[in-house]
file structure_10.csv (CSV, C-alpha atoms and all ligand atoms)
chain,number,residue,atom,x,y,z
A,596,MET,CA,183.6,-97.3,-53.0
A,597,THR,CA,182.6,-96.3,-49.5
A,598,VAL,CA,182.4,-98.7,-46.6
A,599,TYR,CA,179.9,-98.1,-43.9
A,600,CYS,CA,180.8,-99.7,-40.6
A,601,ASP,CA,178.9,-97.6,-38.0
A,602,HIS,CA,175.6,-99.5,-37.7
A,603,ASN,CA,175.5,-99.0,-33.9
A,604,ALA,CA,175.0,-95.3,-34.6
A,605,ALA,CA,172.4,-95.8,-37.4
A,606,ALA,CA,171.6,-98.6,-39.8
A,607,PRO,CA,170.6,-97.8,-43.4
A,608,LEU,CA,166.8,-97.8,-43.9
A,609,HIS,CA,165.7,-101.1,-45.5
A,610,ALA,CA,164.3,-100.5,-49.0
A,611,GLU,CA,161.2,-102.5,-48.0
A,612,ALA,CA,160.7,-100.3,-45.0
A,613,LEU,CA,160.9,-97.2,-47.1
A,614,ALA,CA,158.4,-98.6,-49.6
A,615,ALA,CA,156.0,-99.6,-46.8
A,616,MET,CA,156.2,-96.0,-45.4
A,617,LEU,CA,155.6,-94.0,-48.5
A,618,PRO,CA,151.8,-94.5,-48.8
A,619,TRP,CA,151.4,-93.2,-45.3
A,620,LEU,CA,153.2,-90.1,-46.2
A,621,SER,CA,150.9,-89.4,-49.1
A,622,ASP,CA,147.3,-90.7,-49.5
A,623,GLY,CA,147.3,-92.3,-46.1
A,624,PHE,CA,147.8,-89.1,-44.2
A,625,ALA,CA,144.7,-89.4,-42.0
A,626,ASN,CA,144.8,-89.2,-38.3
A,627,PRO,CA,144.5,-92.7,-36.7
A,628,SER,CA,142.2,-91.2,-34.1
A,629,SER,CA,139.7,-90.0,-36.7
A,630,ILE,CA,136.6,-92.2,-36.9
A,631,HIS,CA,136.2,-91.9,-40.7
A,632,ALA,CA,137.4,-94.7,-43.0
A,633,ALA,CA,140.7,-93.1,-43.8
A,634,GLY,CA,141.4,-92.7,-40.1
A,635,ALA,CA,140.4,-96.3,-39.5
A,636,ARG,CA,142.8,-97.5,-42.1
A,637,ALA,CA,145.6,-95.6,-40.4
A,638,ARG,CA,144.6,-97.1,-37.1
A,639,SER,CA,144.7,-100.6,-38.6
A,640,ALA,CA,148.2,-100.0,-39.9
A,641,VAL,CA,149.4,-98.8,-36.4
A,642,GLU,CA,147.9,-101.9,-34.7
A,643,ALA,CA,149.3,-104.3,-37.3
A,644,ALA,CA,152.7,-102.6,-36.7
A,645,ARG,CA,152.4,-103.0,-33.0
A,646,ALA,CA,151.9,-106.8,-33.4
A,647,ASP,CA,155.1,-106.9,-35.5
A,648,VAL,CA,157.2,-105.0,-33.0
A,649,ALA,CA,155.7,-107.1,-30.2
A,650,ALA,CA,156.7,-110.3,-32.0
A,651,LEU,CA,160.3,-109.1,-32.2
A,652,LEU,CA,160.4,-108.3,-28.5
A,653,GLY,CA,158.5,-111.5,-27.4
A,654,CYS,CA,155.7,-109.5,-25.7
A,655,LYS,CA,152.0,-108.8,-26.2
A,656,PRO,CA,151.1,-106.0,-28.6
A,657,ALA,CA,149.2,-104.2,-25.9
A,658,GLU,CA,152.5,-103.9,-24.0
A,659,VAL,CA,154.2,-101.9,-26.8
A,660,VAL,CA,154.0,-98.1,-26.5
A,661,PHE,CA,155.3,-96.2,-29.5
A,662,THR,CA,157.6,-93.3,-28.7
A,663,SER,CA,159.9,-91.0,-30.7
A,664,GLY,CA,162.9,-93.3,-30.1
A,665,GLY,CA,165.4,-94.7,-27.6
A,666,THR,CA,166.0,-91.4,-25.8
A,667,GLU,CA,162.4,-90.8,-25.2
A,668,SER,CA,161.7,-94.4,-24.2
A,669,ASN,CA,164.6,-94.3,-21.6
A,670,ASP,CA,163.3,-91.0,-20.3
A,671,ALA,CA,159.7,-92.2,-20.1
A,672,ALA,CA,160.8,-95.5,-18.5
A,673,LEU,CA,162.8,-93.9,-15.7
A,674,ARG,CA,160.7,-90.9,-14.9
A,675,GLY,CA,157.5,-92.9,-15.3
A,676,ALA,CA,158.7,-95.7,-13.0
A,677,LEU,CA,160.0,-93.2,-10.3
A,678,ARG,CA,156.8,-91.2,-10.4
A,679,ALA,CA,154.8,-94.3,-9.6
A,680,ASP,CA,157.2,-95.7,-7.0
A,681,PRO,CA,155.4,-98.5,-5.2
A,682,ARG,CA,157.8,-98.1,-2.3
A,683,GLY,CA,156.9,-94.5,-1.7
A,684,ALA,CA,159.9,-92.7,-0.2
A,685,VAL,CA,162.5,-95.1,-1.6
A,686,ARG,CA,164.4,-93.2,-4.4
A,687,ARG,CA,167.4,-95.4,-4.9
A,688,VAL,CA,168.1,-96.5,-8.5
A,689,VAL,CA,170.7,-99.2,-9.2
A,690,THR,CA,172.4,-98.8,-12.6
A,691,THR,CA,175.9,-98.9,-14.1
A,692,ALA,CA,178.4,-96.3,-15.2
A,693,ILE,CA,178.4,-97.7,-18.8
A,694,GLU,CA,174.7,-96.8,-19.6
A,695,HIS,CA,173.8,-94.7,-22.5
A,696,ALA,CA,173.8,-90.9,-21.9
A,697,SER,CA,170.0,-90.9,-22.2
A,698,VAL,CA,169.8,-93.1,-19.1
A,699,LEU,CA,172.6,-91.5,-17.0
A,700,ALA,CA,171.6,-87.9,-17.9
A,701,THR,CA,167.9,-88.5,-17.1
A,702,LEU,CA,168.8,-90.1,-13.7
A,703,GLY,CA,171.1,-87.2,-13.1
A,704,ASP,CA,168.3,-84.7,-13.8
A,705,LEU,CA,166.1,-86.2,-11.1
A,706,ASP,CA,167.7,-84.6,-8.1
A,707,ASP,CA,165.8,-86.5,-5.4
A,708,VAL,CA,167.1,-89.8,-6.8
A,709,GLU,CA,170.0,-91.7,-5.3
A,710,ILE,CA,172.1,-93.3,-8.0
A,711,ASP,CA,173.8,-96.5,-6.9
A,712,LEU,CA,176.3,-97.7,-9.4
A,713,LEU,CA,176.8,-101.4,-9.9
A,714,ALA,CA,180.5,-102.2,-10.7
A,715,THR,CA,181.4,-103.5,-14.2
A,716,ASP,CA,184.5,-105.6,-14.8
A,717,ASP,CA,187.3,-104.8,-17.2
A,718,GLN,CA,185.0,-106.1,-20.0
A,719,GLY,CA,182.0,-104.1,-19.0
A,720,ARG,CA,180.1,-107.0,-17.4
A,721,VAL,CA,178.0,-106.7,-14.3
A,722,ASP,CA,178.2,-109.3,-11.6
A,723,PRO,CA,174.6,-110.6,-10.8
A,724,GLU,CA,175.8,-111.6,-7.3
A,725,GLU,CA,176.7,-107.9,-6.6
A,726,LEU,CA,173.3,-106.9,-7.8
A,727,GLN,CA,171.7,-109.4,-5.5
A,728,SER,CA,173.6,-108.0,-2.5
A,729,LYS,CA,172.7,-104.4,-3.5
A,730,LEU,CA,169.1,-105.4,-3.5
A,731,ASP,CA,169.3,-106.4,0.2
A,732,GLU,CA,168.7,-102.6,0.6
A,733,PRO,CA,165.4,-101.1,-0.6
A,734,ALA,CA,165.5,-99.9,-4.2
A,735,ALA,CA,162.9,-98.2,-6.4
A,736,LEU,CA,164.3,-99.5,-9.8
A,737,VAL,CA,167.2,-101.3,-11.5
A,738,SER,CA,168.2,-100.0,-15.0
A,739,VAL,CA,170.9,-102.0,-16.8
A,740,GLY,CA,171.4,-101.9,-20.6
A,741,TRP,CA,171.0,-105.2,-22.3
A,742,ALA,CA,174.0,-104.6,-24.6
A,743,ASN,CA,176.5,-101.8,-24.6
A,744,ASN,CA,176.5,-99.5,-27.7
A,745,GLU,CA,180.3,-98.8,-27.6
A,746,ILE,CA,181.9,-102.1,-26.7
A,747,GLY,CA,179.1,-104.6,-27.4
A,748,THR,CA,179.1,-106.3,-23.9
A,749,ILE,CA,175.9,-108.3,-23.4
A,750,GLN,CA,174.7,-108.4,-19.8
A,751,PRO,CA,173.3,-111.6,-18.1
A,752,MET,CA,169.8,-110.3,-18.3
A,753,GLU,CA,168.1,-113.5,-17.2
A,754,GLU,CA,170.0,-113.6,-13.9
A,755,ILE,CA,169.7,-109.8,-13.4
A,756,ALA,CA,165.9,-110.2,-13.9
A,757,GLU,CA,165.7,-113.1,-11.4
A,758,HIS,CA,167.4,-111.1,-8.7
A,759,CYS,CA,165.1,-108.1,-9.3
A,760,ARG,CA,162.0,-110.4,-9.3
A,761,ALA,CA,163.2,-112.0,-6.0
A,762,ALA,CA,163.7,-108.6,-4.4
A,763,GLY,CA,160.4,-107.2,-5.8
A,764,VAL,CA,162.3,-104.4,-7.6
A,765,ARG,CA,161.3,-103.2,-11.1
A,766,LEU,CA,163.8,-103.7,-13.9
A,767,HIS,CA,164.3,-101.4,-16.8
A,768,THR,CA,166.6,-102.3,-19.7
A,769,ASP,CA,167.8,-100.2,-22.6
A,770,ALA,CA,167.6,-102.9,-25.3
A,771,VAL,CA,168.4,-100.5,-28.2
A,772,GLN,CA,171.6,-102.3,-29.2
A,773,ALA,CA,170.5,-105.8,-28.4
A,774,VAL,CA,167.3,-105.9,-30.4
A,775,GLY,CA,167.6,-107.3,-33.9
A,776,LYS,CA,171.2,-108.5,-33.1
A,777,ILE,CA,170.6,-111.2,-30.5
A,778,ALA,CA,167.4,-113.1,-29.6
A,779,ILE,CA,165.8,-111.3,-26.7
A,780,ASP,CA,162.6,-111.8,-24.7
A,781,VAL,CA,161.8,-108.6,-22.9
A,782,THR,CA,159.2,-110.3,-20.7
A,783,ALA,CA,161.9,-111.1,-18.2
A,784,THR,CA,162.0,-107.3,-17.6
A,785,ASP,CA,159.4,-104.7,-16.6
A,786,LEU,CA,160.3,-101.9,-19.0
A,787,ALA,CA,162.4,-102.1,-22.1
A,788,THR,CA,163.6,-99.5,-24.6
A,789,VAL,CA,164.0,-100.0,-28.3
A,790,SER,CA,164.7,-97.8,-31.3
A,791,ALA,CA,163.9,-98.3,-35.0
A,792,HIS,CA,166.9,-96.8,-36.6
A,793,LYS,CA,169.3,-99.3,-35.2
A,794,ILE,CA,167.5,-102.2,-37.0
A,795,GLY,CA,166.9,-100.6,-40.4
A,796,GLY,CA,163.8,-98.6,-39.6
A,797,PRO,CA,163.5,-94.8,-39.8
A,798,LYS,CA,164.9,-92.4,-37.2
A,799,GLY,CA,162.6,-90.7,-34.7
A,800,ILE,CA,160.5,-93.7,-33.8
A,801,GLY,CA,161.0,-96.3,-31.1
A,802,ALA,CA,159.0,-98.1,-28.4
A,803,LEU,CA,158.8,-98.8,-24.8
A,804,TYR,CA,157.8,-102.2,-23.6
A,805,VAL,CA,155.6,-101.7,-20.5
A,806,ARG,CA,154.9,-105.1,-18.8
A,807,ARG,CA,151.2,-105.5,-18.1
A,808,GLY,CA,150.6,-104.7,-14.4
A,809,VAL,CA,153.9,-102.9,-13.8
A,810,THR,CA,153.7,-99.8,-11.7
A,811,TRP,CA,154.5,-97.0,-14.1
A,812,GLU,CA,153.0,-93.7,-15.1
A,813,PRO,CA,153.1,-91.9,-18.4
A,814,THR,CA,155.0,-88.7,-18.6
A,815,ILE,CA,153.7,-87.2,-21.8
A,816,ARG,CA,150.0,-86.2,-21.2
A,817,GLY,CA,147.4,-84.9,-23.6
A,818,GLY,CA,145.3,-87.1,-25.9
A,819,SER,CA,144.5,-90.7,-25.2
A,820,GLN,CA,146.8,-92.2,-27.9
A,821,GLU,CA,148.7,-95.3,-27.0
A,822,ARG,CA,146.0,-96.1,-24.4
A,823,SER,CA,146.8,-92.9,-22.7
A,824,ARG,CA,150.4,-94.0,-22.1
A,825,ARG,CA,152.0,-91.5,-24.6
A,826,ALA,CA,150.0,-88.6,-25.9
A,827,GLY,CA,150.5,-87.2,-29.4
A,828,THR,CA,149.3,-88.1,-32.9
A,829,GLU,CA,151.0,-91.3,-34.0
A,830,ASN,CA,153.7,-91.1,-36.6
A,831,VAL,CA,152.0,-93.6,-38.8
A,832,ALA,CA,154.6,-93.8,-41.6
A,833,ALA,CA,157.5,-94.2,-39.2
A,834,ILE,CA,155.6,-96.8,-37.1
A,835,VAL,CA,154.9,-98.8,-40.3
A,836,GLY,CA,158.6,-98.5,-41.3
A,837,PHE,CA,159.7,-99.6,-37.8
A,838,ALA,CA,157.4,-102.7,-38.0
A,839,CYS,CA,158.7,-103.7,-41.4
A,840,ALA,CA,162.3,-103.5,-40.1
A,841,ALA,CA,161.2,-105.5,-37.0
A,842,ARG,CA,159.7,-108.2,-39.2
A,843,LEU,CA,162.9,-108.4,-41.4
A,844,SER,CA,165.1,-108.5,-38.3
A,845,ARG,CA,163.1,-111.3,-36.8
A,846,GLU,CA,163.1,-113.4,-40.0
A,847,GLN,CA,166.8,-112.9,-40.6
A,848,LEU,CA,168.1,-113.0,-37.0
A,849,GLY,CA,169.9,-116.4,-37.1
A,850,ALA,CA,171.6,-115.9,-40.5
A,851,THR,CA,172.5,-112.3,-39.8
A,852,HIS,CA,174.0,-113.2,-36.4
A,853,ARG,CA,176.3,-115.9,-38.0
A,854,ARG,CA,177.4,-113.5,-40.8
A,855,LEU,CA,178.1,-110.6,-38.5
A,856,CYS,CA,180.2,-112.8,-36.2
A,857,ARG,CA,182.3,-113.9,-39.2
A,858,LEU,CA,182.8,-110.3,-40.4
A,859,ARG,CA,183.7,-109.0,-37.0
A,860,ASP,CA,186.1,-111.9,-36.3
A,861,GLU,CA,187.8,-111.5,-39.6
A,862,LEU,CA,188.4,-107.8,-39.0
A,863,TRP,CA,189.9,-108.6,-35.6
A,864,GLN,CA,192.2,-111.2,-37.0
A,865,ARG,CA,193.4,-108.8,-39.6
A,866,LEU,CA,193.9,-105.9,-37.3
A,867,HIS,CA,195.8,-108.2,-35.0
A,868,SER,CA,198.7,-108.1,-37.3
A,869,ASP,CA,199.6,-104.8,-35.5
A,870,THR,CA,200.7,-106.3,-32.2
A,871,SER,CA,199.9,-103.0,-30.4
A,872,VAL,CA,196.1,-103.4,-31.0
A,873,VAL,CA,194.0,-103.8,-27.9
A,874,ARG,CA,190.4,-105.0,-27.9
A,875,HIS,CA,187.8,-103.5,-25.5
A,876,GLY,CA,185.0,-105.8,-24.4
A,877,PRO,CA,184.6,-109.5,-24.1
A,878,LEU,CA,184.9,-112.3,-26.7
A,879,GLY,CA,182.5,-115.1,-27.5
A,880,ASP,CA,178.8,-115.1,-26.5
A,881,ASP,CA,179.1,-112.1,-24.2
A,882,VAL,CA,179.5,-109.6,-27.0
A,883,LEU,CA,177.3,-108.3,-29.8
A,884,PRO,CA,178.0,-110.2,-33.1
A,885,ASN,CA,178.6,-107.0,-35.0
A,886,THR,CA,180.7,-104.8,-32.7
A,887,LEU,CA,184.5,-104.5,-32.4
A,888,ASN,CA,186.0,-101.7,-30.3
A,889,VAL,CA,189.8,-101.4,-30.3
A,890,ARG,CA,192.7,-99.0,-29.7
A,891,PHE,CA,196.2,-98.7,-31.2
A,892,ALA,CA,198.9,-97.6,-28.9
A,893,GLY,CA,199.6,-93.9,-29.3
A,894,VAL,CA,196.9,-93.3,-32.0
A,895,ARG,CA,194.0,-91.0,-31.1
A,896,GLY,CA,190.6,-92.5,-32.0
A,897,GLU,CA,189.4,-89.2,-33.5
A,898,ALA,CA,192.4,-88.9,-35.8
A,899,LEU,CA,192.0,-92.5,-37.0
A,900,VAL,CA,188.2,-92.0,-37.6
A,901,ALA,CA,188.9,-88.7,-39.5
A,902,ALA,CA,191.6,-90.3,-41.7
A,903,LEU,CA,189.5,-93.4,-42.4
A,904,ASP,CA,186.6,-91.1,-43.4
A,905,LEU,CA,188.9,-89.5,-46.1
A,906,ASP,CA,189.5,-93.1,-47.3
A,907,GLY,CA,185.7,-93.5,-47.6
A,908,ILE,CA,185.3,-95.7,-44.5
A,909,ALA,CA,182.8,-94.6,-41.9
A,910,VAL,CA,183.4,-95.7,-38.3
A,911,SER,CA,183.1,-94.1,-34.8
A,912,SER,CA,185.2,-93.1,-31.9
A,913,GLY,CA,183.2,-93.2,-28.6
A,914,SER,CA,179.5,-93.2,-29.0
A,915,ALA,CA,177.8,-91.3,-31.8
A,916,CYS,CA,175.9,-89.2,-29.4
A,917,ALA,CA,179.1,-88.0,-27.8
A,918,ALA,CA,180.9,-87.7,-31.1
A,919,GLY,CA,182.0,-84.1,-31.8
A,920,ALA,CA,182.2,-83.4,-28.1
A,921,ALA,CA,185.8,-84.7,-28.0
A,922,GLU,CA,185.1,-86.2,-24.6
A,923,PRO,CA,186.8,-89.4,-23.6
A,924,SER,CA,184.5,-92.4,-23.7
A,925,HIS,CA,182.8,-92.8,-20.3
A,926,VAL,CA,182.4,-96.5,-21.1
A,927,LEU,CA,186.2,-97.0,-21.6
A,928,ILE,CA,186.9,-95.0,-18.4
A,929,ALA,CA,184.5,-97.4,-16.6
A,930,LEU,CA,186.6,-100.3,-17.9
A,931,GLY,CA,189.5,-98.8,-16.0
A,932,LEU,CA,191.3,-96.9,-18.8
A,933,ASP,CA,192.7,-93.4,-17.9
A,934,ALA,CA,191.0,-90.5,-19.6
A,935,ASP,CA,193.9,-90.1,-22.1
A,936,THR,CA,193.8,-93.7,-23.2
A,937,ALA,CA,190.0,-93.7,-23.3
A,938,ARG,CA,190.3,-91.2,-26.2
A,939,ASP,CA,191.9,-93.9,-28.4
A,940,GLY,CA,189.0,-96.2,-28.8
A,941,VAL,CA,187.6,-96.8,-32.3
A,942,ARG,CA,184.3,-98.7,-32.8
A,943,PHE,CA,183.6,-100.8,-35.9
A,944,SER,CA,180.0,-102.0,-36.1
A,945,PHE,CA,178.8,-104.1,-39.0
A,946,GLY,CA,175.2,-104.6,-40.2
A,947,ALA,CA,173.0,-106.4,-42.6
A,948,ALA,CA,174.2,-104.1,-45.4
A,949,SER,CA,177.9,-104.9,-44.8
A,950,SER,CA,179.7,-106.8,-47.6
A,951,ASP,CA,182.0,-109.8,-47.2
A,952,ASP,CA,184.9,-107.6,-48.6
A,953,ASP,CA,184.5,-105.0,-45.8
A,954,PRO,CA,186.8,-106.5,-43.2
A,955,ALA,CA,189.7,-106.7,-45.6
A,956,ARG,CA,189.2,-103.2,-46.9
A,957,ILE,CA,188.8,-101.7,-43.4
A,958,ALA,CA,191.8,-103.6,-42.0
A,959,MET,CA,194.0,-102.5,-44.9
A,960,ALA,CA,193.1,-98.9,-44.6
A,961,THR,CA,193.2,-98.9,-40.7
A,962,LEU,CA,196.7,-100.5,-40.5
A,963,ALA,CA,198.0,-98.1,-43.2
A,964,THR,CA,196.6,-95.1,-41.4
A,965,VAL,CA,197.9,-96.2,-38.0
A,966,ALA,CA,201.4,-96.5,-39.6
A,967,ARG,CA,201.1,-93.1,-41.2
A,968,ILE,CA,199.9,-91.4,-38.0
A,969,ARG,CA,202.9,-92.9,-36.1
A,970,ALA,CA,205.3,-91.9,-38.8
A,971,VAL,CA,204.2,-88.3,-38.7
A,972,ARG,CA,204.4,-88.3,-34.9
A,973,ALA,CA,207.9,-89.8,-35.1
A,974,VAL,CA,209.3,-86.9,-37.2
A,975,ALA,CA,207.3,-84.2,-35.3
B,1001,LIG,C1,172.1,-98.0,-26.1
B,1001,LIG,C2,171.4,-96.8,-26.7
B,1001,LIG,N1,170.3,-96.3,-26.1
B,1001,LIG,C3,169.6,-95.2,-26.5
B,1001,LIG,C4,170.0,-94.6,-27.7
B,1001,LIG,C5,169.2,-93.5,-28.2
B,1001,LIG,O1,168.3,-93.9,-29.2
B,1001,LIG,P1,167.6,-92.8,-30.2
B,1001,LIG,O2,168.7,-92.4,-31.1
B,1001,LIG,O3,166.6,-93.6,-30.9
B,1001,LIG,O4,167.1,-91.7,-29.4
B,1001,LIG,C6,171.1,-95.1,-28.4
B,1001,LIG,C7,171.5,-94.4,-29.7
B,1001,LIG,O5,172.7,-94.4,-30.0
B,1001,LIG,C8,171.8,-96.2,-27.9
B,1001,LIG,O6,172.9,-96.7,-28.6
call {"tool": "encode", "arguments": {"input": "structure_10.csv", "output": "structure tokens", "more": "lines below"}}
Ligand SMILES: Cc1ncc(COP(=O)(O)O)c(C=O)c1O
result
Amino acid sequence: MTVYCDHNAAAPLHAEALAAMLPWLSDGFANPSSIHAAGARARSAVEAARADVAALLGCKPAEVVFTSGGTESNDAALRGALRADPRGAVRRVVTTAIEHASVLATLGDLDDVEIDLLATDDQGRVDPEELQSKLDEPAALVSVGWANNEIGTIQPMEEIAEHCRAAGVRLHTDAVQAVGKIAIDVTATDLATVSAHKIGGPKGIGALYVRRGVTWEPTIRGGSQERSRRAGTENVAAIVGFACAARLSREQLGATHRRLCRLRDELWQRLHSDTSVVRHGPLGDDVLPNTLNVRFAGVRGEALVAALDLDGIAVSSGSACAAGAAEPSHVLIALGLDADTARDGVRFSFGAASSDDDPARIAMATLATVARIRAVRAVA
């Protein structure tokens, strides 16, 4: 029996979401912009879906712009905010070194932008006071992820938002990993990124929350879809699947949160029987309920992930997007680890589909694999 413990990379599609999508891939193929009855039905489905996604985010439906996923939403948020900079010549963006690659690479691509990195502590937390003092200088935008995909650190978004509001600086947050795992209200921010496939919806669909009245410009131009904020024919089936997953996430948030905490904590207790194990990221309320990132002294993360895969257990080393690149995790380096040690991180991320038996099964296989890898190294 296989064990899937990589939900931060992708969660399985909810059966209900798949069932909700299928009609829109067959008879319901019409273009939602068409004015005939079939088009109007597709339009109604998109608008009902928008209301469901808005309910999960705590915002108004009109503030939800559907996109092709988290990467596009981050790109649109950052480029769109900087294009419409209310402070004219100010091109300074305050962010952190532990952001997702789609934030850091997009900012890096904008060569007239000054990137000012906010420090994170050894658990990946930002200090709101430091942000406050950085905002004494003019800034165009602050972009801080709500929860980190690799180590699960949750940022104090309310305080961050307060400082941004007080300084009159727009705030973008990548909420891809927070949404559906913890209760969030995006209205504290100006722009927020979400993605369906992390909450049991399909891949290739996401949304950008654009607060009503915020200064921001669309980057994809063409038709007037999404109230001219994102051109392109809507992916109706994916939007409907996203909405279904959003509804389920909202209904099950409390129960899922408690269960995920239990699974994660049980795994940590069991792994702890190897005294060399080190946990990356905070404990308690400052960490996502489903995420545990650890390293075992002298054991390469990639070797452990590959060996566990042979045992039918799917986990990650580094972020999925960087996996295969054999690069040390930029997040672990930002926590203060050297590049060599930063290659040893392994991430376990549970989800709604995880079973109560998973922590025991994963821990047994992990501890046995760690012992085996060390034994081979000892004779080599
Ligand atoms: C924090 C975060 N932001 C953005 C993304 C990109 O989302 P998508 O895969 O929908 O493009 C991911 C995906 O891993 C993520 O974890």
call {"tool": "residues_around", "arguments": {"input": "structure_10.csv", "residues": "His792 of chain A", "least_positions_apart": "6", "cutoff": "8 Å", "atoms": "all atoms listed in the file", "output": "PyMOL selection string"}}
result
chain A and resi 605-608+798-800+837
call {"tool": "atom_distance", "arguments": {"input": "structure_10.csv", "atom1": "atom O1 of ligand LIG 1001 (chain B)", "atom2": "atom CA of Asp670 of chain A"}}
result
10.6 Å
call {"tool": "residues_near_ligand", "arguments": {"input": "structure_10.csv", "ligand": "ligand LIG 1001 (chain B)", "cutoff": "10 Å", "atoms": "only C-alpha atoms and all ligand atoms", "output": "PyMOL selection string"}}
result
chain A and resi 602-605+662-670+693-698+740-745+747+768-773+788-793+797-802+914-917
call {"tool": "residues_around", "arguments": {"input": "structure_10.csv", "residues": "segment 842-850 of chain A", "least_positions_apart": "5", "cutoff": "12 Å", "atoms": "only C-alpha atoms", "output": "MDAnalysis selection string"}}
result
chainID A and resid 606 608:612 643:653 773:779 791:796 835:837 855:857 884 946:947
call {"tool": "write_last_selection", "arguments": {"input": "structure_10.csv", "atoms": "C-alpha atoms", "output": "mmCIF file, in the frame of the given file"}}
result
data_model
loop_
_atom_site.group_PDB
_atom_site.id
_atom_site.type_symbol
_atom_site.label_atom_id
_atom_site.label_comp_id
_atom_site.auth_asym_id
_atom_site.auth_seq_id
_atom_site.Cartn_x
_atom_site.Cartn_y
_atom_site.Cartn_z
ATOM 1 C CA ALA A 606 171.600 -98.600 -39.800
ATOM 2 C CA LEU A 608 166.800 -97.800 -43.900
ATOM 3 C CA HIS A 609 165.700 -101.100 -45.500
ATOM 4 C CA ALA A 610 164.300 -100.500 -49.000
ATOM 5 C CA GLU A 611 161.200 -102.500 -48.000
ATOM 6 C CA ALA A 612 160.700 -100.300 -45.000
ATOM 7 C CA ALA A 643 149.300 -104.300 -37.300
ATOM 8 C CA ALA A 644 152.700 -102.600 -36.700
ATOM 9 C CA ARG A 645 152.400 -103.000 -33.000
ATOM 10 C CA ALA A 646 151.900 -106.800 -33.400
ATOM 11 C CA ASP A 647 155.100 -106.900 -35.500
ATOM 12 C CA VAL A 648 157.200 -105.000 -33.000
ATOM 13 C CA ALA A 649 155.700 -107.100 -30.200
ATOM 14 C CA ALA A 650 156.700 -110.300 -32.000
ATOM 15 C CA LEU A 651 160.300 -109.100 -32.200
ATOM 16 C CA LEU A 652 160.400 -108.300 -28.500
ATOM 17 C CA GLY A 653 158.500 -111.500 -27.400
ATOM 18 C CA ALA A 773 170.500 -105.800 -28.400
ATOM 19 C CA VAL A 774 167.300 -105.900 -30.400
ATOM 20 C CA GLY A 775 167.600 -107.300 -33.900
ATOM 21 C CA LYS A 776 171.200 -108.500 -33.100
ATOM 22 C CA ILE A 777 170.600 -111.200 -30.500
ATOM 23 C CA ALA A 778 167.400 -113.100 -29.600
ATOM 24 C CA ILE A 779 165.800 -111.300 -26.700
ATOM 25 C CA ALA A 791 163.900 -98.300 -35.000
ATOM 26 C CA HIS A 792 166.900 -96.800 -36.600
ATOM 27 C CA LYS A 793 169.300 -99.300 -35.200
ATOM 28 C CA ILE A 794 167.500 -102.200 -37.000
ATOM 29 C CA GLY A 795 166.900 -100.600 -40.400
ATOM 30 C CA GLY A 796 163.800 -98.600 -39.600
ATOM 31 C CA VAL A 835 154.900 -98.800 -40.300
ATOM 32 C CA GLY A 836 158.600 -98.500 -41.300
ATOM 33 C CA PHE A 837 159.700 -99.600 -37.800
ATOM 34 C CA LEU A 855 178.100 -110.600 -38.500
ATOM 35 C CA CYS A 856 180.200 -112.800 -36.200
ATOM 36 C CA ARG A 857 182.300 -113.900 -39.200
ATOM 37 C CA PRO A 884 178.000 -110.200 -33.100
ATOM 38 C CA GLY A 946 175.200 -104.600 -40.200
ATOM 39 C CA ALA A 947 173.000 -106.400 -42.600
#
call {"tool": "residues_near_point", "arguments": {"input": "structure_10.csv", "point": "(177.3, -106.0, -43.3)", "cutoff": "9 Å", "atoms": "only C-alpha atoms", "output": "ChimeraX atom specification"}}
result
/A:599-600,602,851,854-855,858,885,944-951,953
call {"tool": "atom_distance", "arguments": {"input": "structure_10.csv", "atom1": "atom CA of Arg967 of chain A", "atom2": "atom CA of Ala898 of chain A"}}
result
11.1 Å
call {"tool": "atom_distance", "arguments": {"input": "structure_10.csv", "atom1": "atom CA of Ala700 of chain A", "atom2": "atom CA of Leu930 of chain A"}}
result
19.5 Å
call {"tool": "residues_near_point", "arguments": {"input": "structure_10.csv", "point": "(143.1, -93.5, -41.1)", "cutoff": "12 Å", "atoms": "all atoms listed in the file", "output": "PyMOL selection string"}}
result
chain A and resi 618-642+828-832
call {"tool": "closest_residue", "arguments": {"input": "structure_10.csv", "among": "A:Ala676, A:Ile928, A:Ala787, A:Leu617", "to": "Val809 of chain A", "atoms": "all atoms listed in the file"}}
result
A:Ala676
call {"tool": "closest_residue", "arguments": {"input": "structure_10.csv", "among": "A:Leu677, A:Met752, A:Ala826, A:Ala937", "to": "His875 of chain A", "atoms": "all atoms listed in the file"}}
result
A:Ala937
call {"tool": "residues_around", "arguments": {"input": "structure_10.csv", "residues": "Ala657 of chain A", "least_positions_apart": "2", "cutoff": "10 Å", "atoms": "all atoms listed in the file", "output": "NGL selection string"}}
result
:A and (642 or 645-646 or 649 or 654-655 or 659-660 or 804-807 or 821-822)
